$ cat structure_25.csv   # CSV, N, CA and C atoms
chain,number,residue,atom,x,y,z
H,1,MET,N,-6.2,5.9,19.6
H,1,MET,CA,-5.7,4.6,19.0
H,1,MET,C,-4.3,4.8,18.6
H,2,ALA,N,-3.6,3.7,18.6
H,2,ALA,CA,-2.1,3.7,18.3
H,2,ALA,C,-1.8,2.4,17.5
H,3,ILE,N,-0.8,2.5,16.7
H,3,ILE,CA,-0.4,1.4,15.8
H,3,ILE,C,0.5,0.5,16.7
H,4,GLY,N,0.1,-0.8,16.8
H,4,GLY,CA,0.8,-1.8,17.6
H,4,GLY,C,2.1,-2.2,16.8
H,5,TYR,N,3.1,-2.5,17.6
H,5,TYR,CA,4.3,-3.0,16.9
H,5,TYR,C,4.9,-4.2,17.8
H,6,ILE,N,5.7,-5.0,17.1
H,6,ILE,CA,6.3,-6.1,17.8
H,6,ILE,C,7.8,-6.0,17.6
H,7,LYS,N,8.6,-6.6,18.4
H,7,LYS,CA,10.1,-6.6,18.3
H,7,LYS,C,10.4,-7.9,17.5
H,8,LYS,N,11.1,-7.7,16.4
H,8,LYS,CA,11.5,-8.8,15.5
H,8,LYS,C,13.0,-8.9,15.3
H,9,ARG,N,13.5,-10.1,15.5
H,9,ARG,CA,14.9,-10.4,15.3
H,9,ARG,C,15.1,-10.6,13.8
H,10,GLN,N,16.2,-10.1,13.4
H,10,GLN,CA,16.6,-10.2,12.0
H,10,GLN,C,18.1,-10.3,11.8
H,11,LYS,N,18.5,-11.0,10.8
H,11,LYS,CA,20.0,-11.1,10.6
H,11,LYS,C,20.3,-10.2,9.4
H,12,LEU,N,21.4,-9.4,9.6
H,12,LEU,CA,21.9,-8.5,8.6
H,12,LEU,C,23.2,-9.2,8.0
H,13,HIS,N,23.3,-9.2,6.8
H,13,HIS,CA,24.5,-9.8,6.1
H,13,HIS,C,25.3,-8.7,5.4
H,14,GLY,N,26.6,-8.6,5.6
H,14,GLY,CA,27.4,-7.7,4.9
H,14,GLY,C,28.8,-7.9,5.3
H,15,ASP,N,29.7,-7.6,4.3
H,15,ASP,CA,31.2,-7.7,4.5
H,15,ASP,C,31.5,-9.2,4.9
H,16,GLY,N,30.8,-10.1,4.4
H,16,GLY,CA,31.0,-11.5,4.7
H,16,GLY,C,30.7,-11.9,6.2
H,17,LYS,N,30.0,-11.0,6.9
H,17,LYS,CA,29.7,-11.3,8.3
H,17,LYS,C,28.1,-11.2,8.4
H,18,SER,N,27.7,-11.9,9.5
H,18,SER,CA,26.3,-11.9,9.8
H,18,SER,C,26.1,-11.3,11.2
H,19,LYS,N,25.1,-10.4,11.3
H,19,LYS,CA,24.9,-9.7,12.6
H,19,LYS,C,23.4,-9.8,12.9
H,20,GLU,N,23.1,-10.1,14.1
H,20,GLU,CA,21.7,-10.2,14.6
H,20,GLU,C,21.3,-8.9,15.2
H,21,VAL,N,20.2,-8.3,14.7
H,21,VAL,CA,19.7,-7.1,15.2
H,21,VAL,C,18.2,-7.2,15.5
H,22,TYR,N,17.6,-6.3,16.1
H,22,TYR,CA,16.2,-6.3,16.5
H,22,TYR,C,15.5,-5.0,15.9
H,23,LEU,N,14.4,-5.2,15.3
H,23,LEU,CA,13.6,-4.1,14.7
H,23,LEU,C,12.2,-4.1,15.2
H,24,ALA,N,11.6,-2.9,15.1
H,24,ALA,CA,10.2,-2.8,15.4
H,24,ALA,C,9.4,-3.0,14.1
H,25,LYS,N,8.4,-3.9,14.1
H,25,LYS,CA,7.6,-4.2,12.9
H,25,LYS,C,6.1,-4.0,13.3
H,26,VAL,N,5.3,-3.5,12.3
H,26,VAL,CA,3.9,-3.4,12.6
H,26,VAL,C,3.3,-4.7,12.9
H,27,ASN,N,2.4,-4.7,14.0
H,27,ASN,CA,1.7,-5.9,14.3
H,27,ASN,C,0.3,-5.7,13.7
H,28,TYR,N,0.0,-6.3,12.6
H,28,TYR,CA,-1.3,-6.2,12.0
H,28,TYR,C,-2.4,-6.9,12.8
H,29,ASN,N,-3.5,-6.2,13.1
H,29,ASN,CA,-4.5,-6.8,13.9
H,29,ASN,C,-5.5,-7.6,13.1
H,30,ASN,N,-6.0,-7.0,12.1
H,30,ASN,CA,-7.0,-7.6,11.2
H,30,ASN,C,-6.8,-7.3,9.8
H,31,TYR,N,-7.3,-8.1,8.9
H,31,TYR,CA,-7.4,-7.8,7.5
H,31,TYR,C,-8.9,-7.5,7.2
H,32,ILE,N,-9.2,-6.3,6.8
H,32,ILE,CA,-10.5,-5.9,6.5
H,32,ILE,C,-10.8,-6.2,5.0
H,33,ASP,N,-11.8,-7.1,4.8
H,33,ASP,CA,-12.1,-7.4,3.4
H,33,ASP,C,-13.1,-6.4,2.9
H,34,THR,N,-13.5,-6.6,1.6
H,34,THR,CA,-14.4,-5.7,0.9
H,34,THR,C,-15.8,-5.7,1.6
H,35,GLU,N,-16.3,-6.9,1.9
H,35,GLU,CA,-17.6,-6.9,2.5
H,35,GLU,C,-17.6,-6.2,3.9
H,36,ALA,N,-16.6,-6.5,4.7
H,36,ALA,CA,-16.6,-5.8,6.0
H,36,ALA,C,-16.5,-4.3,5.9
H,37,PHE,N,-15.6,-3.9,4.9
H,37,PHE,CA,-15.5,-2.5,4.7
H,37,PHE,C,-16.8,-1.8,4.2
H,38,ALA,N,-17.4,-2.5,3.3
H,38,ALA,CA,-18.7,-2.0,2.7
H,38,ALA,C,-19.7,-1.9,3.8
H,39,LEU,N,-19.8,-2.9,4.7
H,39,LEU,CA,-20.7,-2.8,5.8
H,39,LEU,C,-20.4,-1.7,6.8
H,40,GLU,N,-19.2,-1.4,7.0
H,40,GLU,CA,-18.8,-0.3,7.9
H,40,GLU,C,-19.2,1.0,7.3
H,41,VAL,N,-18.9,1.2,6.0
H,41,VAL,CA,-19.3,2.4,5.3
H,41,VAL,C,-20.8,2.6,5.3
H,42,SER,N,-21.5,1.5,5.0
H,42,SER,CA,-23.0,1.6,4.9
H,42,SER,C,-23.6,2.0,6.3
H,43,LYS,N,-22.9,1.7,7.4
H,43,LYS,CA,-23.4,2.1,8.7
H,43,LYS,C,-23.4,3.6,8.9
H,44,GLN,N,-22.7,4.3,8.0
H,44,GLN,CA,-22.7,5.8,8.1
H,44,GLN,C,-24.0,6.4,7.5
H,45,GLY,N,-24.8,5.5,6.9
H,45,GLY,CA,-26.1,5.9,6.4
H,45,GLY,C,-26.1,6.3,5.0
H,46,CYS,N,-25.0,6.2,4.2
H,46,CYS,CA,-25.0,6.7,2.9
H,46,CYS,C,-25.5,5.8,1.8
H,47,ALA,N,-25.4,4.4,2.1
H,47,ALA,CA,-25.9,3.5,1.1
H,47,ALA,C,-25.8,2.1,1.7
H,48,SER,N,-26.5,1.1,1.0
H,48,SER,CA,-26.5,-0.2,1.5
H,48,SER,C,-25.1,-0.9,1.3
H,49,PRO,N,-24.8,-1.9,2.0
H,49,PRO,CA,-23.5,-2.6,1.8
H,49,PRO,C,-23.3,-3.1,0.3
H,50,ALA,N,-24.4,-3.6,-0.3
H,50,ALA,CA,-24.3,-4.0,-1.7
H,50,ALA,C,-23.9,-2.8,-2.6
H,51,THR,N,-24.5,-1.7,-2.4
H,51,THR,CA,-24.3,-0.5,-3.2
H,51,THR,C,-22.8,-0.1,-3.0
H,52,VAL,N,-22.4,-0.1,-1.8
H,52,VAL,CA,-21.0,0.3,-1.5
H,52,VAL,C,-20.0,-0.6,-2.2
H,53,MET,N,-20.3,-1.9,-2.1
H,53,MET,CA,-19.4,-2.9,-2.8
H,53,MET,C,-19.4,-2.7,-4.3
H,54,MET,N,-20.6,-2.4,-4.9
H,54,MET,CA,-20.7,-2.2,-6.3
H,54,MET,C,-19.8,-0.9,-6.7
H,55,VAL,N,-19.9,0.1,-5.9
H,55,VAL,CA,-19.2,1.3,-6.2
H,55,VAL,C,-17.7,1.1,-6.1
H,56,LEU,N,-17.3,0.4,-5.0
H,56,LEU,CA,-15.8,0.1,-4.8
H,56,LEU,C,-15.3,-0.7,-6.0
H,57,ARG,N,-16.0,-1.7,-6.5
H,57,ARG,CA,-15.6,-2.5,-7.6
H,57,ARG,C,-15.5,-1.7,-8.9
H,58,GLU,N,-16.4,-0.8,-9.1
H,58,GLU,CA,-16.4,0.1,-10.3
H,58,GLU,C,-15.2,1.1,-10.2
H,59,VAL,N,-14.9,1.6,-8.9
H,59,VAL,CA,-13.7,2.4,-8.7
H,59,VAL,C,-12.5,1.7,-9.1
H,60,GLU,N,-12.4,0.4,-8.7
H,60,GLU,CA,-11.2,-0.4,-9.0
H,60,GLU,C,-11.1,-0.6,-10.5
H,61,ASP,N,-12.2,-0.9,-11.2
H,61,ASP,CA,-12.1,-1.1,-12.6
H,61,ASP,C,-11.7,0.2,-13.3
H,62,CYS,N,-12.3,1.3,-12.9
H,62,CYS,CA,-12.0,2.6,-13.5
H,62,CYS,C,-10.5,3.0,-13.3
H,63,ILE,N,-10.0,2.8,-12.1
H,63,ILE,CA,-8.6,3.1,-11.9
H,63,ILE,C,-7.7,2.2,-12.7
H,64,SER,N,-8.1,1.0,-12.8
H,64,SER,CA,-7.3,0.0,-13.7
H,64,SER,C,-7.3,0.5,-15.1
H,65,ARG,N,-8.4,0.8,-15.6
H,65,ARG,CA,-8.5,1.3,-17.1
H,65,ARG,C,-7.6,2.4,-17.3
H,66,HIS,N,-7.5,3.4,-16.4
H,66,HIS,CA,-6.7,4.6,-16.5
H,66,HIS,C,-5.2,4.2,-16.4
H,67,LEU,N,-4.9,3.4,-15.4
H,67,LEU,CA,-3.5,3.1,-15.1
H,67,LEU,C,-2.9,2.3,-16.3
H,68,VAL,N,-3.6,1.4,-16.9
H,68,VAL,CA,-3.0,0.6,-18.1
H,68,VAL,C,-2.9,1.5,-19.3
H,69,SER,N,-3.6,2.7,-19.3
H,69,SER,CA,-3.4,3.6,-20.4
H,69,SER,C,-2.3,4.6,-20.1
H,70,GLY,N,-1.7,4.5,-18.9
H,70,GLY,CA,-0.6,5.4,-18.6
H,70,GLY,C,-1.0,6.7,-17.9
H,71,ASP,N,-2.3,6.7,-17.5
H,71,ASP,CA,-2.8,7.9,-16.8
H,71,ASP,C,-2.5,7.9,-15.3
H,72,VAL,N,-2.4,9.0,-14.7
H,72,VAL,CA,-2.3,9.2,-13.2
H,72,VAL,C,-3.7,9.5,-12.7
H,73,VAL,N,-4.2,8.8,-11.7
H,73,VAL,CA,-5.5,9.0,-11.1
H,73,VAL,C,-5.4,9.6,-9.8
H,74,LYS,N,-6.0,10.8,-9.6
H,74,LYS,CA,-6.0,11.5,-8.3
H,74,LYS,C,-7.4,11.6,-7.8
H,75,LEU,N,-7.6,10.9,-6.6
H,75,LEU,CA,-8.9,10.9,-5.9
H,75,LEU,C,-8.7,11.8,-4.7
H,76,ASP,N,-9.3,12.9,-4.6
H,76,ASP,CA,-9.1,13.9,-3.6
H,76,ASP,C,-9.2,13.4,-2.2
H,77,SER,N,-10.1,12.4,-1.9
H,77,SER,CA,-10.2,11.9,-0.5
H,77,SER,C,-9.5,10.7,-0.2
H,78,ILE,N,-8.7,10.1,-1.2
H,78,ILE,CA,-8.0,8.9,-1.0
H,78,ILE,C,-6.5,9.1,-1.3
H,79,GLY,N,-6.2,9.5,-2.5
H,79,GLY,CA,-4.8,9.7,-2.9
H,79,GLY,C,-4.6,9.6,-4.4
H,80,THR,N,-3.4,9.5,-4.8
H,80,THR,CA,-3.0,9.4,-6.2
H,80,THR,C,-2.4,8.1,-6.6
H,81,PHE,N,-2.9,7.5,-7.7
H,81,PHE,CA,-2.4,6.2,-8.2
H,81,PHE,C,-1.7,6.5,-9.5
H,82,ALA,N,-0.5,5.9,-9.7
H,82,ALA,CA,0.3,6.1,-10.9
H,82,ALA,C,0.9,4.8,-11.3
H,83,PRO,N,1.0,4.5,-12.6
H,83,PRO,CA,1.7,3.3,-13.1
H,83,PRO,C,3.2,3.5,-13.0
H,84,THR,N,3.9,2.5,-12.7
H,84,THR,CA,5.4,2.5,-12.6
H,84,THR,C,6.0,1.4,-13.4
H,85,ILE,N,7.3,1.6,-13.8
H,85,ILE,CA,8.0,0.5,-14.4
H,85,ILE,C,9.4,0.5,-13.8
H,86,SER,N,10.1,-0.6,-13.8
H,86,SER,CA,11.5,-0.8,-13.4
H,86,SER,C,12.1,-1.4,-14.7
H,87,ALA,N,13.4,-1.0,-14.9
H,87,ALA,CA,14.0,-1.4,-16.1
H,87,ALA,C,15.5,-1.6,-15.9
H,88,LYS,N,16.1,-2.5,-16.7
H,88,LYS,CA,17.6,-2.7,-16.7
H,88,LYS,C,18.2,-1.6,-17.5
H,89,ALA,N,19.3,-1.0,-16.9
H,89,ALA,CA,20.0,0.1,-17.6
H,89,ALA,C,20.7,-0.5,-18.9
H,90,GLN,N,20.7,0.2,-19.9
H,90,GLN,CA,21.3,-0.2,-21.2
H,90,GLN,C,22.4,0.8,-21.5
H,91,ASP,N,23.4,0.4,-22.3
H,91,ASP,CA,24.5,1.3,-22.7
H,91,ASP,C,24.2,2.2,-23.9
H,92,SER,N,23.0,2.0,-24.5
H,92,SER,CA,22.6,3.0,-25.5
H,92,SER,C,21.1,3.1,-25.6
H,93,ALA,N,20.6,4.2,-26.0
H,93,ALA,CA,19.1,4.4,-26.1
H,93,ALA,C,18.5,3.4,-27.0
H,94,GLU,N,19.2,2.9,-28.1
H,94,GLU,CA,18.6,2.0,-29.0
H,94,GLU,C,18.3,0.7,-28.4
H,95,LYS,N,19.0,0.3,-27.3
H,95,LYS,CA,18.8,-1.0,-26.6
H,95,LYS,C,17.6,-0.9,-25.6
H,96,VAL,N,17.1,0.3,-25.3
H,96,VAL,CA,16.0,0.4,-24.4
H,96,VAL,C,14.7,0.1,-25.2
H,97,ASN,N,14.0,-1.0,-24.7
H,97,ASN,CA,12.8,-1.4,-25.3
H,97,ASN,C,11.9,-2.2,-24.3
H,98,GLN,N,10.8,-2.8,-24.8
H,98,GLN,CA,9.9,-3.4,-23.8
H,98,GLN,C,10.6,-4.6,-23.1
H,99,PHE,N,11.7,-5.2,-23.7
H,99,PHE,CA,12.4,-6.3,-23.1
H,99,PHE,C,13.4,-5.9,-22.0
H,100,SER,N,13.7,-4.6,-22.0
H,100,SER,CA,14.6,-4.1,-20.9
H,100,SER,C,13.7,-3.7,-19.6
H,101,ILE,N,12.4,-3.7,-19.8
H,101,ILE,CA,11.6,-3.5,-18.6
H,101,ILE,C,11.4,-4.8,-17.8
H,102,THR,N,11.7,-4.7,-16.5
H,102,THR,CA,11.7,-5.9,-15.7
H,102,THR,C,10.5,-6.0,-14.8
H,103,LYS,N,9.8,-4.9,-14.6
H,103,LYS,CA,8.7,-5.0,-13.7
H,103,LYS,C,7.7,-3.8,-13.9
H,104,THR,N,6.4,-4.1,-13.7
H,104,THR,CA,5.5,-3.0,-13.7
H,104,THR,C,4.8,-2.9,-12.3
H,105,GLY,N,4.3,-1.8,-12.0
H,105,GLY,CA,3.7,-1.7,-10.7
H,105,GLY,C,2.8,-0.5,-10.6
H,106,ILE,N,2.4,-0.2,-9.3
H,106,ILE,CA,1.5,0.9,-9.0
H,106,ILE,C,2.1,1.7,-7.9
H,107,LEU,N,2.2,3.0,-8.1
H,107,LEU,CA,2.6,3.9,-7.0
H,107,LEU,C,1.4,4.5,-6.4
H,108,PHE,N,1.3,4.4,-5.1
H,108,PHE,CA,0.1,5.1,-4.4
H,108,PHE,C,0.7,6.1,-3.4
H,109,LYS,N,0.2,7.3,-3.6
H,109,LYS,CA,0.5,8.4,-2.7
H,109,LYS,C,-0.7,8.8,-2.0
H,110,PRO,N,-0.8,8.6,-0.7
H,110,PRO,CA,-2.1,8.9,0.1
H,110,PRO,C,-2.2,10.4,0.2
H,111,THR,N,-3.5,10.8,0.5
H,111,THR,CA,-3.7,12.2,0.7
H,111,THR,C,-3.0,12.7,2.0
H,112,TRP,N,-2.9,14.0,2.2
H,112,TRP,CA,-2.3,14.5,3.4
H,112,TRP,C,-3.1,14.1,4.6
H,113,ARG,N,-4.4,14.0,4.5
H,113,ARG,CA,-5.3,13.6,5.6
H,113,ARG,C,-5.0,12.2,6.1
H,114,LEU,N,-4.8,11.2,5.1
H,114,LEU,CA,-4.4,9.9,5.5
H,114,LEU,C,-3.0,9.8,6.1
H,115,LYS,N,-2.1,10.6,5.6
H,115,LYS,CA,-0.7,10.6,6.1
H,115,LYS,C,-0.8,11.2,7.5
H,116,ARG,N,-1.5,12.2,7.7
H,116,ARG,CA,-1.6,12.9,9.0
H,116,ARG,C,-2.2,11.9,10.1
H,117,ALA,N,-3.3,11.2,9.7
H,117,ALA,CA,-3.9,10.2,10.6
H,117,ALA,C,-2.9,9.2,11.1
H,118,ILE,N,-2.1,8.7,10.2
H,118,ILE,CA,-1.1,7.7,10.6
H,118,ILE,C,0.0,8.3,11.4
H,119,ARG,N,0.5,9.5,11.0
H,119,ARG,CA,1.5,10.2,11.8
H,119,ARG,C,1.0,10.5,13.2
H,120,ASN,N,-0.2,10.9,13.4
H,120,ASN,CA,-0.7,11.3,14.7
H,120,ASN,C,-1.2,10.1,15.5
H,121,ALA,N,-1.3,8.9,14.9
H,121,ALA,CA,-1.8,7.8,15.6
H,121,ALA,C,-0.9,7.3,16.8
H,122,GLY,N,0.3,7.5,16.7
H,122,GLY,CA,1.2,7.1,17.8
H,122,GLY,C,1.5,5.6,17.6
H,123,VAL,N,2.4,5.0,18.4
H,123,VAL,CA,2.7,3.6,18.4
H,123,VAL,C,2.7,3.1,19.8
H,124,ARG,N,2.5,1.7,19.9
H,124,ARG,CA,2.5,1.1,21.2
H,124,ARG,C,3.0,-0.3,21.0
H,125,LEU,N,3.6,-0.9,22.0
H,125,LEU,CA,4.1,-2.3,22.0
H,125,LEU,C,2.8,-3.2,22.0
H,126,ALA,N,2.7,-4.1,21.0
H,126,ALA,CA,1.5,-4.9,21.0
H,126,ALA,C,1.6,-6.0,22.1
H,127,ASP,N,0.4,-6.4,22.5
H,127,ASP,CA,0.2,-7.3,23.6
H,127,ASP,C,0.8,-8.7,23.2
H,128,LYS,N,0.6,-9.1,21.9
H,128,LYS,CA,1.1,-10.4,21.4
H,128,LYS,C,1.4,-10.3,20.0
H,129,ALA,N,2.3,-11.2,19.5
H,129,ALA,CA,2.6,-11.2,18.1
H,129,ALA,C,1.8,-12.2,17.3
$ encode --input "structure_25.csv" --output "structure tokens"
Amino acid sequence: MAIGYIKKRQKLHGDGKSKEVYLAKVNYNNYIDTEAFALEVSKQGCASPATVMMVLREVEDCISRHLVSGDVVKLDSIGTFAPTISAKAQDSAEKVNQFSITKTGILFKPTWRLKRAIRNAGVRLADKA
């Protein structure tokens, strides 16, 4: 299997000029929802689709509880989840507070096995965009 890509035209702006360039972008084939994923996992014979969905929802809830507490969650077969923040720089430490924080987010670092699977997948020009 290989990851499909499309050729995408894009305009770059800089120095008061606009330049047209072309880039390779991933061509997503499908969006796999929870039910389809649970059905696929259940076909491996480990549990029913309903049980898989229940476990996935509990994993999400558990990760969420830890992230909002400031914990880093490492799941050996998936990856590491960590809370992140972005903030505006202040000219003194006293001015750094919750109002200088502009965004919260989640950092996901996949396991080396997931990274290796993507790295080894290769790429191919997609049939259609």
$ residues_around --input "structure_25.csv" --residues "Thr84 of chain H" --least-positions-apart "6" --cutoff "5 Å" --atoms "all atoms listed in the file" --output "list in words"
Thr104, Gly105, Ile106 and Leu107 of chain H
$ atom_distance --input "structure_25.csv" --atom1 "atom C of Tyr28 of chain H" --atom2 "atom CA of Ala117 of chain H"
17.3 Å
$ atom_distance --input "structure_25.csv" --atom1 "atom C of Val59 of chain H" --atom2 "atom C of Thr111 of chain H"
18.3 Å
$ select_by_dssp --input "structure_25.csv" --residues "chain H" --states "strand (DSSP E or B)" --output "ChimeraX atom specification"
/H:3-14,17-26,73-75,79-87,101-110,123-125
$ residues_around --input "structure_25.csv" --residues "Leu56 of chain H" --least-positions-apart "4" --cutoff "9 Å" --atoms "only C-alpha atoms" --output "ChimeraX atom specification"
/H:34,38,51-52,60-61
$ atom_distance --input "structure_25.csv" --atom1 "atom C of Arg57 of chain H" --atom2 "atom N of Lys74 of chain H"
15.7 Å
$ closest_atom_pairs --input "structure_25.csv" --of "segment 76-125 of chain H" --to "segment 5-15 of chain H" --cutoff "7 Å" --atoms "only C-alpha atoms" --output "CSV"
residue,atom,partner,partner_atom,distance
H:Val123,CA,H:Tyr5,CA,7.0
H:Arg124,CA,H:Tyr5,CA,6.2
H:Leu125,CA,H:Tyr5,CA,5.2
$ select_by_dssp --input "structure_25.csv" --residues "segment 22-78 of chain H" --states "helix (DSSP H, G or I)" --output "ChimeraX atom specification"
/H:34-42,49-68
